[in-house]
file data23.txt (compact mmCIF, C-alpha atoms)
# COMPACT_ATOMS: atom_id res chain seq x y z
CA MET I 1 -18.26 64.07 22.20
CA ARG I 2 -14.83 64.48 20.70
CA ARG I 3 -11.99 65.00 23.16
CA SER I 4 -9.42 67.58 22.16
CA ALA I 5 -5.74 66.78 22.44
CA THR I 6 -3.22 68.83 24.38
CA TYR I 7 0.06 69.39 22.53
CA PRO I 8 3.22 69.74 24.66
CA THR I 9 5.52 72.57 23.82
CA ASP I 10 8.55 70.31 23.39
CA VAL I 11 7.00 68.26 20.57
CA LYS I 12 7.33 69.42 17.01
CA LEU I 13 4.57 68.32 14.66
CA SER I 14 6.07 67.15 11.41
CA PRO I 15 4.50 65.86 8.22
CA PHE I 16 3.47 62.21 8.24
CA HIS I 17 6.29 60.13 6.76
CA PHE I 18 5.72 56.87 4.88
CA THR I 19 8.55 54.67 3.72
CA PRO I 20 7.17 52.15 1.18
CA ARG I 21 8.93 48.80 1.22
CA LYS I 22 8.75 45.72 -1.04
CA GLY I 23 6.94 47.43 -3.86
CA LEU I 24 4.31 49.23 -1.76
CA GLN I 25 3.39 52.67 -3.06
CA ILE I 26 1.68 54.58 -0.26
CA SER I 27 1.39 58.31 0.00
CA PRO I 28 -0.52 60.57 2.39
CA ALA I 29 -2.72 61.71 -0.49
CA SER I 30 -3.74 58.14 -1.40
CA ILE I 31 -4.50 57.27 2.22
CA GLY I 32 -6.49 60.41 2.94
CA VAL I 33 -5.19 61.51 6.32
CA GLN I 34 -7.93 63.35 8.13
CA ARG I 35 -6.48 64.08 11.51
CA ARG I 36 -3.23 63.90 13.43
CA THR I 37 -3.15 63.40 17.17
CA VAL I 38 -0.31 63.52 19.63
CA PHE I 39 -0.64 61.64 22.91
CA PRO I 40 1.75 60.22 25.51
CA LEU I 41 2.63 56.55 25.59
CA PRO I 42 1.41 54.25 28.42
CA PRO I 43 2.96 54.86 31.86
CA HIS I 44 4.68 51.45 31.95
CA ARG I 45 7.25 52.66 29.43
CA SER I 46 10.65 53.83 30.55
CA PRO I 47 11.26 57.57 31.03
CA GLU I 48 13.20 57.65 27.80
CA ASP I 49 10.30 56.11 25.92
CA ASN I 50 7.75 58.41 27.52
CA LYS I 51 8.70 61.24 25.23
CA ARG I 52 5.86 62.55 23.15
CA ARG I 53 5.63 60.78 19.81
CA THR I 54 3.83 61.84 16.72
CA ILE I 55 1.21 59.32 15.68
CA SER I 56 -1.15 59.89 12.79
CA GLY I 57 -4.37 58.15 12.04
CA CYS I 58 -6.74 57.99 9.13
CA ASP I 59 -10.29 56.88 8.52
CA THR I 60 -11.13 55.91 4.98
CA GLY I 61 -14.70 54.98 5.79
CA ARG I 62 -14.55 51.87 3.56
CA LYS I 63 -16.02 48.51 4.55
CA ASP I 64 -13.29 46.54 2.76
CA SER I 65 -10.52 48.08 4.81
CA VAL I 66 -8.21 46.04 7.01
CA TRP I 67 -7.59 47.95 10.23
CA VAL I 68 -4.05 48.27 11.53
CA ARG I 69 -3.78 49.35 15.15
CA ASP I 70 -6.56 51.59 16.45
CA CYS I 71 -7.13 54.37 13.99
CA THR I 72 -5.23 53.45 10.84
CA ALA I 73 -6.86 51.63 7.96
CA LEU I 74 -5.79 50.65 4.45
CA PRO I 75 -7.81 49.10 1.63
CA CYS I 76 -7.23 45.40 1.04
CA ALA I 77 -5.79 46.06 -2.40
CA TRP I 78 -2.82 47.86 -0.80
CA LEU I 79 -1.85 44.95 1.45
CA GLY I 80 -0.32 42.81 -1.27
CA ARG I 81 -2.62 39.86 -0.55
CA GLN I 82 -2.52 37.33 -3.39
CA PRO I 83 -5.50 34.94 -3.68
CA GLY I 84 -4.46 31.33 -3.29
CA PRO I 85 -5.59 27.97 -1.91
CA PRO I 86 -5.58 27.37 1.84
CA ALA I 87 -3.00 25.17 3.51
CA SER I 88 -5.26 22.10 3.34
CA GLU I 89 -5.15 22.25 -0.48
CA MET I 90 -1.38 21.99 -0.70
CA GLY I 91 -0.52 18.86 -2.60
CA SER I 92 -4.09 18.45 -3.91
CA ALA I 93 -2.79 17.65 -7.39
CA GLY I 94 -0.82 14.72 -6.00
CA LEU I 95 -3.80 13.73 -3.84
CA ALA I 96 -6.10 13.49 -6.86
CA ARG I 97 -3.77 10.96 -8.51
CA LEU I 98 -3.81 8.64 -5.48
CA HIS I 99 -7.28 7.16 -6.04
CA GLY I 100 -6.90 3.59 -7.24
CA LEU I 101 -5.29 0.20 -6.68
CA PHE I 102 -1.66 -0.83 -6.59
CA ALA I 103 0.34 -3.84 -5.41
CA ALA I 104 3.14 -3.99 -2.87
CA TYR I 105 5.50 -6.87 -2.14
CA LYS I 106 5.06 -8.10 1.42
CA PRO I 107 8.24 -9.72 2.80
CA PRO I 108 7.99 -12.67 5.20
CA GLY I 109 7.91 -11.80 8.89
CA LEU I 110 6.02 -8.50 8.36
CA HIS I 111 2.39 -8.17 9.40
CA TRP I 112 0.07 -6.75 6.75
CA LYS I 113 -1.07 -4.03 9.19
CA HIS I 114 2.51 -2.82 9.58
CA LEU I 115 2.88 -2.72 5.79
CA ARG I 116 -0.30 -0.69 5.44
CA ASP I 117 0.80 1.74 8.16
CA ALA I 118 4.23 2.13 6.53
CA VAL I 119 2.64 2.93 3.16
CA GLU I 120 0.28 5.46 4.77
CA THR I 121 3.17 7.14 6.57
CA GLN I 122 5.19 7.45 3.36
CA LEU I 123 2.21 8.86 1.45
CA LEU I 124 1.54 11.49 4.14
CA LYS I 125 5.21 12.36 4.21
CA GLY I 126 5.23 12.89 0.45
CA LEU I 127 2.04 14.98 0.46
CA ASN I 128 3.24 17.23 3.28
CA ALA I 129 6.71 17.58 1.72
CA ARG I 130 5.31 19.66 -1.12
CA LYS I 131 6.76 23.16 -1.15
CA PRO I 132 4.21 25.46 0.52
CA ARG I 133 3.10 28.59 -1.21
CA ALA I 134 4.59 31.90 -0.21
CA PRO I 135 2.96 33.42 2.89
CA GLU I 136 0.57 36.31 2.48
CA GLN I 137 1.98 39.78 2.91
CA ARG I 138 0.38 42.21 5.34
CA VAL I 139 1.09 45.87 5.97
CA ARG I 140 2.17 46.89 9.45
CA PHE I 141 2.96 50.40 10.66
CA LEU I 142 6.14 50.35 12.74
CA LEU I 143 7.44 53.17 14.92
CA GLY I 144 10.92 54.35 14.13
CA PRO I 145 13.04 57.42 13.42
CA ALA I 146 12.44 59.14 10.12
CA GLU I 147 14.93 58.13 7.46
CA GLY I 148 17.37 60.84 6.55
CA SER I 149 16.47 62.94 9.58
CA GLY I 150 18.85 63.68 12.41
CA GLU I 151 16.09 64.53 14.82
CA LYS I 152 14.84 62.19 17.52
CA GLU I 153 11.32 62.45 16.23
CA LEU I 154 9.60 59.07 15.69
CA THR I 155 7.17 58.40 12.87
CA LEU I 156 5.11 55.47 11.59
CA THR I 157 6.57 53.56 8.66
CA ALA I 158 4.48 51.29 6.39
CA THR I 159 6.23 47.94 6.17
CA SER I 160 5.25 44.73 4.38
CA VAL I 161 5.65 41.68 6.63
CA PRO I 162 4.64 38.00 6.05
CA ALA I 163 1.55 36.65 7.81
CA LEU I 164 2.62 33.40 9.49
CA ALA I 165 -0.81 32.26 10.69
CA SER I 166 -1.05 29.65 7.89
CA HIS I 167 2.57 28.51 8.05
CA PRO I 168 3.03 24.71 8.51
CA LEU I 169 5.14 25.32 11.62
CA VAL I 170 2.19 27.19 13.14
CA CYS I 171 -0.90 25.24 12.05
CA GLY I 172 0.76 21.82 11.55
CA PRO I 173 0.87 19.59 8.46
CA ALA I 174 -1.95 19.92 5.94
CA PHE I 175 -2.62 16.15 5.73
CA THR I 176 -2.75 14.19 8.97
CA SER I 177 -4.25 10.82 7.96
CA LEU I 178 -5.70 8.96 5.00
CA LYS I 179 -7.46 5.65 4.48
CA VAL I 180 -5.57 2.77 2.86
CA GLY I 181 -7.50 -0.47 2.33
CA VAL I 182 -6.00 -3.95 2.00
CA GLY I 183 -7.35 -6.66 -0.31
CA HIS I 184 -6.73 -10.39 0.15
CA ARG I 185 -4.46 -10.52 3.18
CA LEU I 186 -1.30 -12.48 3.84
CA ASP I 187 -0.30 -13.80 7.24
CA VAL I 188 3.01 -13.01 8.90
CA GLN I 189 4.92 -16.01 7.54
CA ALA I 190 3.70 -15.65 3.93
CA SER I 191 5.09 -13.24 1.35
CA GLY I 192 4.24 -11.98 -2.11
CA VAL I 193 1.74 -9.69 -3.84
CA LEU I 194 -0.52 -7.63 -1.56
CA VAL I 195 -3.09 -5.35 -3.22
CA LEU I 196 -3.89 -2.03 -1.55
CA GLY I 197 -6.49 0.61 -2.36
CA VAL I 198 -6.16 4.34 -1.66
CA GLY I 199 -9.01 6.85 -1.58
CA ARG I 200 -11.92 5.90 -3.83
CA GLY I 201 -9.89 2.88 -4.94
CA ARG I 202 -10.91 1.14 -1.71
CA SER I 203 -14.34 0.44 -3.22
CA LEU I 204 -12.60 -1.45 -6.04
CA LEU I 205 -11.29 -3.92 -3.45
CA THR I 206 -14.88 -4.99 -2.85
CA ASP I 207 -15.35 -5.41 -6.61
CA MET I 208 -12.25 -7.61 -6.71
CA TYR I 209 -13.68 -9.76 -3.93
CA ASN I 210 -17.05 -10.08 -5.70
CA ALA I 211 -15.32 -11.02 -8.97
CA HIS I 212 -13.87 -14.19 -7.36
CA LEU I 213 -10.56 -13.88 -9.19
CA THR I 214 -8.01 -16.66 -8.92
CA LYS I 215 -4.64 -16.29 -7.21
CA ASP I 216 -1.34 -18.04 -7.85
CA TYR I 217 1.02 -19.31 -5.15
CA THR I 218 4.34 -21.09 -5.04
CA VAL I 219 4.39 -23.46 -2.08
CA ARG I 220 7.59 -25.14 -0.90
CA GLY I 221 7.38 -28.39 1.05
CA LEU I 222 9.74 -30.62 3.02
CA LEU I 223 9.22 -34.39 3.28
CA GLY I 224 9.83 -36.48 6.40
CA LYS I 225 8.47 -34.14 9.10
CA ALA I 226 5.09 -33.32 10.67
CA THR I 227 4.28 -30.40 12.97
CA ASP I 228 1.21 -29.23 14.83
CA ASP I 229 0.55 -26.20 12.59
CA PHE I 230 1.84 -27.74 9.31
CA SER I 231 4.71 -25.21 9.10
CA GLU I 232 8.41 -25.76 9.57
CA ASP I 233 8.48 -23.61 12.72
CA GLY I 234 5.74 -25.55 14.50
CA ARG I 235 6.13 -28.13 17.25
CA LEU I 236 7.56 -31.37 15.83
CA VAL I 237 5.04 -34.20 16.01
CA GLU I 238 6.47 -36.98 13.84
CA LYS I 239 9.42 -37.96 11.66
CA THR I 240 9.11 -40.43 8.75
CA THR I 241 11.11 -41.82 5.83
CA TYR I 242 10.57 -40.59 2.27
CA ASP I 243 12.91 -42.74 0.14
CA HIS I 244 9.95 -44.35 -1.66
CA VAL I 245 8.54 -41.01 -2.92
CA THR I 246 9.14 -40.30 -6.61
CA ARG I 247 8.21 -37.50 -9.03
CA GLU I 248 5.69 -39.75 -10.80
CA LYS I 249 3.86 -40.55 -7.57
CA LEU I 250 3.73 -36.86 -6.66
CA ASP I 251 2.34 -35.88 -10.09
CA ARG I 252 -0.34 -38.58 -9.83
CA ILE I 253 -1.50 -37.27 -6.45
CA LEU I 254 -1.59 -33.69 -7.75
CA ALA I 255 -3.71 -34.73 -10.75
CA LEU I 256 -6.25 -36.41 -8.46
CA ILE I 257 -6.43 -33.31 -6.25
CA GLN I 258 -6.97 -31.02 -9.25
CA GLY I 259 -9.72 -33.23 -10.71
CA SER I 260 -11.70 -33.38 -7.48
CA HIS I 261 -11.51 -29.61 -6.97
CA GLN I 262 -12.58 -28.85 -10.55
CA LYS I 263 -15.77 -30.84 -10.00
CA ALA I 264 -16.41 -28.85 -6.82
CA LEU I 265 -15.76 -25.62 -8.75
CA VAL I 266 -18.46 -26.45 -11.28
CA MET I 267 -20.86 -27.39 -8.49
CA HIS I 268 -20.37 -24.07 -6.65
CA SER I 269 -20.69 -22.02 -9.87
CA ASN I 270 -24.42 -22.92 -10.21
CA LEU I 271 -24.10 -23.50 -13.97
CA ASP I 272 -25.83 -26.06 -16.14
CA LEU I 273 -23.07 -27.86 -18.01
CA GLN I 274 -25.47 -28.68 -20.89
CA THR I 275 -25.91 -25.00 -21.89
CA GLN I 276 -23.99 -22.92 -24.40
CA GLU I 277 -23.31 -20.29 -21.74
CA ALA I 278 -21.47 -22.80 -19.57
CA TYR I 279 -19.40 -23.93 -22.57
CA GLU I 280 -18.38 -20.36 -23.47
CA MET I 281 -17.49 -19.55 -19.87
CA ALA I 282 -15.41 -22.72 -19.60
CA VAL I 283 -13.51 -21.82 -22.79
CA LYS I 284 -12.75 -18.33 -21.44
CA GLY I 285 -11.87 -19.67 -17.99
CA LEU I 286 -14.61 -17.66 -16.27
CA ILE I 287 -16.22 -20.49 -14.31
CA ARG I 288 -16.06 -19.27 -10.74
CA PRO I 289 -18.15 -19.77 -7.61
CA MET I 290 -21.03 -17.36 -7.25
CA ASN I 291 -20.90 -17.20 -3.45
CA LYS I 292 -18.59 -18.12 -0.59
CA SER I 293 -17.17 -21.61 -0.76
CA PRO I 294 -14.33 -23.71 0.67
CA MET I 295 -10.90 -23.46 -0.91
CA LEU I 296 -11.07 -24.46 -4.57
CA ILE I 297 -7.99 -25.42 -6.57
CA ALA I 298 -8.17 -24.55 -10.26
CA GLY I 299 -4.72 -25.94 -11.05
CA ILE I 300 -1.73 -27.49 -9.30
CA ARG I 301 1.58 -28.82 -10.60
CA CYS I 302 5.09 -29.61 -9.40
CA LEU I 303 7.79 -27.16 -10.49
CA HIS I 304 10.77 -28.74 -8.75
CA PHE I 305 11.36 -32.07 -7.02
CA ALA I 306 14.58 -32.84 -5.14
CA PRO I 307 13.82 -34.98 -2.08
CA PRO I 308 13.24 -34.04 0.63
CA GLU I 309 12.27 -30.68 -0.90
CA PHE I 310 9.64 -30.01 -3.56
CA LEU I 311 8.07 -26.88 -5.02
CA LEU I 312 4.42 -26.59 -6.12
CA GLU I 313 2.51 -24.00 -8.11
CA VAL I 314 -1.11 -23.66 -7.00
CA GLN I 315 -3.90 -21.67 -8.64
CA CYS I 316 -6.83 -21.36 -6.25
CA LEU I 317 -9.77 -19.35 -4.92
CA HIS I 318 -11.12 -18.60 -1.43
CA GLU I 319 -7.96 -19.86 0.22
CA THR I 320 -5.94 -18.89 3.23
CA GLN I 321 -2.28 -19.55 3.80
CA LYS I 322 -3.19 -22.07 6.49
CA HIS I 323 -5.25 -24.01 3.93
CA LEU I 324 -2.19 -24.22 1.66
CA ARG I 325 -0.02 -25.51 4.50
CA ARG I 326 -2.63 -28.12 5.30
CA LEU I 327 -2.63 -29.08 1.61
CA VAL I 328 1.10 -29.87 1.81
CA HIS I 329 0.46 -31.99 4.89
CA GLU I 330 -2.31 -33.94 3.10
CA ILE I 331 -0.08 -34.50 0.06
CA GLY I 332 2.52 -36.02 2.38
CA LEU I 333 -0.07 -38.36 3.87
CA GLU I 334 -1.19 -39.46 0.37
CA LEU I 335 2.45 -40.27 -0.41
CA LYS I 336 2.62 -42.55 2.69
CA THR I 337 4.91 -40.15 4.50
CA THR I 338 4.71 -36.69 6.12
CA ALA I 339 5.48 -33.20 4.89
CA VAL I 340 5.57 -29.64 6.22
CA CYS I 341 5.29 -26.34 4.40
CA THR I 342 8.40 -24.17 4.50
CA GLN I 343 7.31 -21.26 2.29
CA VAL I 344 4.11 -19.71 0.91
CA ARG I 345 4.56 -17.00 -1.70
CA ARG I 346 1.77 -15.32 -3.65
CA THR I 347 2.87 -14.59 -7.21
CA ARG I 348 -0.43 -13.27 -8.58
CA ASP I 349 -3.55 -11.73 -7.07
CA GLY I 350 -6.17 -11.33 -9.77
CA PHE I 351 -4.62 -9.04 -12.38
CA PHE I 352 -1.61 -8.01 -10.23
CA THR I 353 1.63 -10.00 -10.58
CA LEU I 354 5.08 -9.86 -9.03
CA ASP I 355 6.17 -7.45 -11.76
CA ASP I 356 3.56 -4.95 -10.52
CA ALA I 357 4.45 -5.27 -6.81
CA LEU I 358 6.45 -2.39 -5.35
CA LEU I 359 9.39 -3.29 -3.16
CA ARG I 360 9.91 -1.62 0.21
CA THR I 361 12.37 0.87 -1.28
CA ARG I 362 9.64 2.16 -3.61
CA TRP I 363 6.88 2.78 -1.08
CA ASP I 364 6.92 6.53 -1.74
CA LEU I 365 4.42 9.01 -3.14
CA HIS I 366 5.71 9.24 -6.73
CA SER I 367 6.20 5.48 -7.19
CA ILE I 368 2.71 4.71 -5.85
CA GLN I 369 1.16 7.38 -8.09
CA ASP I 370 2.88 5.88 -11.12
CA ALA I 371 1.79 2.36 -10.14
CA ILE I 372 -1.85 3.44 -9.72
CA ARG I 373 -1.87 5.21 -13.08
CA ALA I 374 -0.27 2.23 -14.86
CA ALA I 375 -2.71 -0.28 -13.35
CA ALA I 376 -5.91 1.76 -13.88
CA PRO I 377 -6.70 0.60 -17.46
CA ARG I 378 -6.08 -3.06 -16.61
CA VAL I 379 -8.16 -2.84 -13.43
CA GLY I 380 -11.13 -1.37 -15.29
CA ALA I 381 -10.97 -3.87 -18.14
CA GLU I 382 -10.64 -6.96 -15.93
CA LEU I 383 -13.37 -5.95 -13.48
CA GLU I 384 -15.75 -5.08 -16.28
CA LYS I 385 -15.12 -8.45 -17.91
CA SER I 386 -15.61 -10.33 -14.64
CA LEU I 387 -18.53 -8.40 -13.18
CA GLY I 388 -20.14 -7.04 -16.33
CA PRO I 389 -22.01 -3.73 -16.55
CA GLY I 390 -25.25 -3.61 -14.63
CA PRO I 391 -27.64 -1.23 -12.93
CA GLY I 392 -26.12 0.44 -9.90
CA THR I 393 -22.59 -0.51 -10.89
CA GLN I 394 -20.13 2.34 -10.42
CA GLN I 395 -17.96 3.48 -13.29
CA LEU I 396 -14.69 1.61 -13.29
CA PRO I 397 -11.38 3.14 -14.40
CA GLY I 398 -10.69 2.06 -17.96
CA PRO I 399 -8.32 2.98 -20.81
CA GLY I 400 -10.06 6.35 -21.20
CA TRP I 401 -10.18 7.12 -17.50
CA GLN I 402 -9.71 10.83 -16.82
CA TRP I 403 -7.94 11.46 -13.56
CA ASP I 404 -9.13 14.32 -11.35
CA SER I 405 -6.90 17.35 -11.41
CA ASP I 406 -9.17 20.15 -10.27
CA GLY I 407 -8.40 20.02 -6.58
CA PRO I 408 -9.67 18.35 -3.46
CA SER I 409 -13.36 18.77 -4.33
CA SER I 410 -13.06 15.55 -6.32
CA ALA I 411 -10.56 13.94 -3.98
CA SER I 412 -11.91 14.50 -0.51
CA LYS I 413 -13.66 11.20 0.25
CA GLY I 414 -12.01 9.26 2.99
CA TRP I 415 -9.30 11.84 3.63
CA THR I 416 -8.44 13.90 6.67
CA ALA I 417 -6.98 17.28 5.81
CA ALA I 418 -6.26 19.77 8.59
CA GLY I 419 -8.18 17.64 11.06
CA GLN I 420 -11.39 17.21 8.99
CA ARG I 421 -12.61 13.92 7.50
CA ALA I 422 -15.23 13.30 4.85
CA GLY I 423 -17.17 10.04 4.84
CA ALA I 424 -16.52 7.32 2.31
CA ASP I 425 -17.22 3.65 1.90
CA GLU I 426 -14.48 1.72 3.60
CA GLY I 427 -14.55 -1.36 1.36
CA CYS I 428 -12.12 -4.11 2.29
CA SER I 429 -9.72 -3.20 5.04

call {"tool": "encode", "arguments": {"input": "data23.txt", "output": "structure tokens"}}
result
Amino acid sequence: MRRSATYPTDVKLSPFHFTPRKGLQISPASIGVQRRTVFPLPPHRSPEDNKRRTISGCDTGRKDSVWVRDCTALPCAWLGRQPGPPASEMGSAGLARLHGLFAAYKPPGLHWKHLRDAVETQLLKGLNARKPRAPEQRVRFLLGPAEGSGEKELTLTATSVPALASHPLVCGPAFTSLKVGVGHRLDVQASGVLVLGVGRGRSLLTDMYNAHLTKDYTVRGLLGKATDDFSEDGRLVEKTTYDHVTREKLDRILALIQGSHQKALVMHSNLDLQTQEAYEMAVKGLIRPMNKSPMLIAGIRCLHFAPPEFLLEVQCLHETQKHLRRLVHEIGLELKTTAVCTQVRRTRDGFFTLDDALLRTRWDLHSIQDAIRAAAPRVGAELEKSLGPGPGTQQLPGPGWQWDSDGPSSASKGWTAAGQRAGADEGCS
């Protein structure tokens, strides 16, 4: 049952006025006004506001209409809504270029977890700093006096206003966390090249581990002291003389150490030295242990000798920084004296060198994207040479690697965007 409206005598019914703003073209004919109703405002208004106001409504009868207020509807095409990606897709182009490996330079005194967290924070800051798209425009009908009219009559005016529901200040940043994996770790006192993997690049860290690639270190030692943890900062245990130590004696000890470790390397590689395959692998330098093994030294030499200090270059596998400090201690004992390690610095980790390592001032989104793109061909070539193609082996990034650029559908593994996370293999972390 339709209720009829009672019109006061002091209210003058006037035509329905529309004032298009921001390019909107709305007319009563295009809207199709069917009825016009006058009713008083709620009783909580002030006496001045309780005057009768002219309010018009329309009913287009369309299912694709967006309703404004109670009885006013406009088709969606009139609202100025432009199709575009949601807030979680902002920065997806930069996100797609973050899948891969890169190297950072870890300074001494910094824990590798703090470095990883700092890199993750800078990446999120760069992704969320992208300029957001313009907010959607919605039509709202606002009460106000008719333009160009001296009367106190109020009419509805169609106005285009921004919809702020998807604004970053309302819904928060689009990217809240992402996974960054760490390869062969460095302890707090050590410094040098630290390889990190972002996104799908974290699975390549496992491939690097399975490839058993060698790493280079520069180790600095100090003669005449012995501590409980083989480092300069440890508790002093013993002091000795070192005047009898010469460069020739040091080189002889290093040659003996290298020879014994090379025999152990061949033993752990499970190769028959009488075969052609073993000869070809030895020529190419691909003889590596097939499984886990103790620390193996592929090469060691003295770079600088100025007693009591000396500097060594060590090429090794399956090592830890504590093993290298113990090595300096054992070299001191072989020289009939004592020695402590004052510095451990990694100069190469597989196919990443000091030239590839990003300093702290370059731990930002654009620098990391450039480093990942530059290292991708080398990563693919080296891993393919070390592991070889086989059944079940994932495609590695090579010289012809095509980076994803079609949005987050190809870049969603292991990421959390707008509070949602998709599963991914964690690899080495």

call {"tool": "residues_around", "arguments": {"input": "data23.txt", "residues": "I:Val188", "least_positions_apart": "6", "cutoff": "8 Å", "atoms": "all atoms listed in the file", "output": "MDAnalysis selection string"}}
result
chainID I and resid 108:112

call {"tool": "residues_around", "arguments": {"input": "data23.txt", "residues": "I:Val340", "least_positions_apart": "3", "cutoff": "9 Å", "atoms": "all atoms listed in the file", "output": "list in words"}}
result
Arg220, Gly221, Leu222, Leu223, Gly224, Lys225, Ala226, Thr227, Asp229, Phe230, Ser231, Glu232, Arg325, Arg326, Val328, His329 and Gly332 of chain I

call {"tool": "atom_distance", "arguments": {"input": "data23.txt", "atom1": "atom CA of I:Lys336", "atom2": "atom CA of I:Gly299"}}
result
22.8 Å

call {"tool": "residues_around", "arguments": {"input": "data23.txt", "residues": "I:Thr121", "least_positions_apart": "5", "cutoff": "12 Å", "atoms": "all atoms listed in the file", "output": "number ranges by chain"}}
result
I: 114-116, 126-128, 175-180, 363-365

call {"tool": "atom_distance", "arguments": {"input": "data23.txt", "atom1": "atom CA of I:Asp233", "atom2": "atom CA of I:Gln321"}}
result
14.6 Å

call {"tool": "closest_residue", "arguments": {"input": "data23.txt", "among": "I:Phe141, I:Phe305, I:Tyr105, I:Tyr279", "to": "I:Val195", "atoms": "all atoms listed in the file"}}
result
I:Tyr105

call {"tool": "atom_distance", "arguments": {"input": "data23.txt", "atom1": "atom CA of I:Arg346", "atom2": "atom CA of I:His304"}}
result
16.9 Å

call {"tool": "residues_near_point", "arguments": {"input": "data23.txt", "point": "(6.2, 48.7, 7.1)", "cutoff": "7 Å", "atoms": "all atoms listed in the file", "output": "PyMOL selection string"}}
result
chain I and resi 20-21+139-142+157-160

call {"tool": "build_atoms", "arguments": {"input": "data23.txt", "residues": "stretch 372-389 of chain I", "atoms": "N, CA and C atoms", "output": "PDB file, keeping the file's coordinate frame"}}
result
ATOM      1  N   ILE I 372      -0.394   3.324  -9.607  1.00  0.00           N
ATOM      2  CA  ILE I 372      -1.850   3.440  -9.720  1.00  0.00           C
ATOM      3  C   ILE I 372      -2.259   3.824 -11.129  1.00  0.00           C
ATOM      4  N   ARG I 373      -1.541   4.766 -11.723  1.00  0.00           N
ATOM      5  CA  ARG I 373      -1.870   5.210 -13.080  1.00  0.00           C
ATOM      6  C   ARG I 373      -1.631   4.089 -14.086  1.00  0.00           C
ATOM      7  N   ALA I 374      -0.559   3.313 -13.922  1.00  0.00           N
ATOM      8  CA  ALA I 374      -0.270   2.230 -14.860  1.00  0.00           C
ATOM      9  C   ALA I 374      -1.274   1.092 -14.746  1.00  0.00           C
ATOM     10  N   ALA I 375      -1.791   0.842 -13.545  1.00  0.00           N
ATOM     11  CA  ALA I 375      -2.710  -0.280 -13.350  1.00  0.00           C
ATOM     12  C   ALA I 375      -4.162   0.077 -13.629  1.00  0.00           C
ATOM     13  N   ALA I 376      -4.508   1.354 -13.740  1.00  0.00           N
ATOM     14  CA  ALA I 376      -5.910   1.760 -13.880  1.00  0.00           C
ATOM     15  C   ALA I 376      -6.590   1.158 -15.103  1.00  0.00           C
ATOM     16  N   PRO I 377      -6.001   1.199 -16.314  1.00  0.00           N
ATOM     17  CA  PRO I 377      -6.700   0.600 -17.460  1.00  0.00           C
ATOM     18  C   PRO I 377      -6.928  -0.901 -17.301  1.00  0.00           C
ATOM     19  N   ARG I 378      -5.946  -1.615 -16.781  1.00  0.00           N
ATOM     20  CA  ARG I 378      -6.080  -3.060 -16.610  1.00  0.00           C
ATOM     21  C   ARG I 378      -7.121  -3.391 -15.551  1.00  0.00           C
ATOM     22  N   VAL I 379      -7.163  -2.611 -14.482  1.00  0.00           N
ATOM     23  CA  VAL I 379      -8.160  -2.840 -13.430  1.00  0.00           C
ATOM     24  C   VAL I 379      -9.561  -2.676 -13.983  1.00  0.00           C
ATOM     25  N   GLY I 380      -9.801  -1.599 -14.734  1.00  0.00           N
ATOM     26  CA  GLY I 380     -11.130  -1.370 -15.290  1.00  0.00           C
ATOM     27  C   GLY I 380     -11.548  -2.452 -16.264  1.00  0.00           C
ATOM     28  N   ALA I 381     -10.628  -2.860 -17.139  1.00  0.00           N
ATOM     29  CA  ALA I 381     -10.970  -3.870 -18.140  1.00  0.00           C
ATOM     30  C   ALA I 381     -11.268  -5.222 -17.501  1.00  0.00           C
ATOM     31  N   GLU I 382     -10.450  -5.644 -16.539  1.00  0.00           N
ATOM     32  CA  GLU I 382     -10.640  -6.960 -15.930  1.00  0.00           C
ATOM     33  C   GLU I 382     -11.900  -7.005 -15.064  1.00  0.00           C
ATOM     34  N   LEU I 383     -12.165  -5.937 -14.305  1.00  0.00           N
ATOM     35  CA  LEU I 383     -13.370  -5.950 -13.480  1.00  0.00           C
ATOM     36  C   LEU I 383     -14.631  -5.874 -14.317  1.00  0.00           C
ATOM     37  N   GLU I 384     -14.585  -5.143 -15.409  1.00  0.00           N
ATOM     38  CA  GLU I 384     -15.750  -5.080 -16.280  1.00  0.00           C
ATOM     39  C   GLU I 384     -16.012  -6.425 -16.949  1.00  0.00           C
ATOM     40  N   LYS I 385     -14.953  -7.142 -17.309  1.00  0.00           N
ATOM     41  CA  LYS I 385     -15.120  -8.450 -17.910  1.00  0.00           C
ATOM     42  C   LYS I 385     -15.642  -9.469 -16.905  1.00  0.00           C
ATOM     43  N   SER I 386     -15.197  -9.360 -15.645  1.00  0.00           N
ATOM     44  CA  SER I 386     -15.610 -10.330 -14.640  1.00  0.00           C
ATOM     45  C   SER I 386     -16.984 -10.033 -14.067  1.00  0.00           C
ATOM     46  N   LEU I 387     -17.262  -8.758 -13.787  1.00  0.00           N
ATOM     47  CA  LEU I 387     -18.530  -8.400 -13.180  1.00  0.00           C
ATOM     48  C   LEU I 387     -19.590  -8.077 -14.209  1.00  0.00           C
ATOM     49  N   GLY I 388     -19.178  -7.436 -15.311  1.00  0.00           N
ATOM     50  CA  GLY I 388     -20.140  -7.040 -16.330  1.00  0.00           C
ATOM     51  C   GLY I 388     -20.875  -5.795 -15.920  1.00  0.00           C
ATOM     52  N   PRO I 389     -21.257  -4.929 -16.883  1.00  0.00           N
ATOM     53  CA  PRO I 389     -22.010  -3.730 -16.550  1.00  0.00           C
ATOM     54  C   PRO I 389     -23.413  -4.082 -16.092  1.00  0.00           C
TER      55      PRO I 389
END
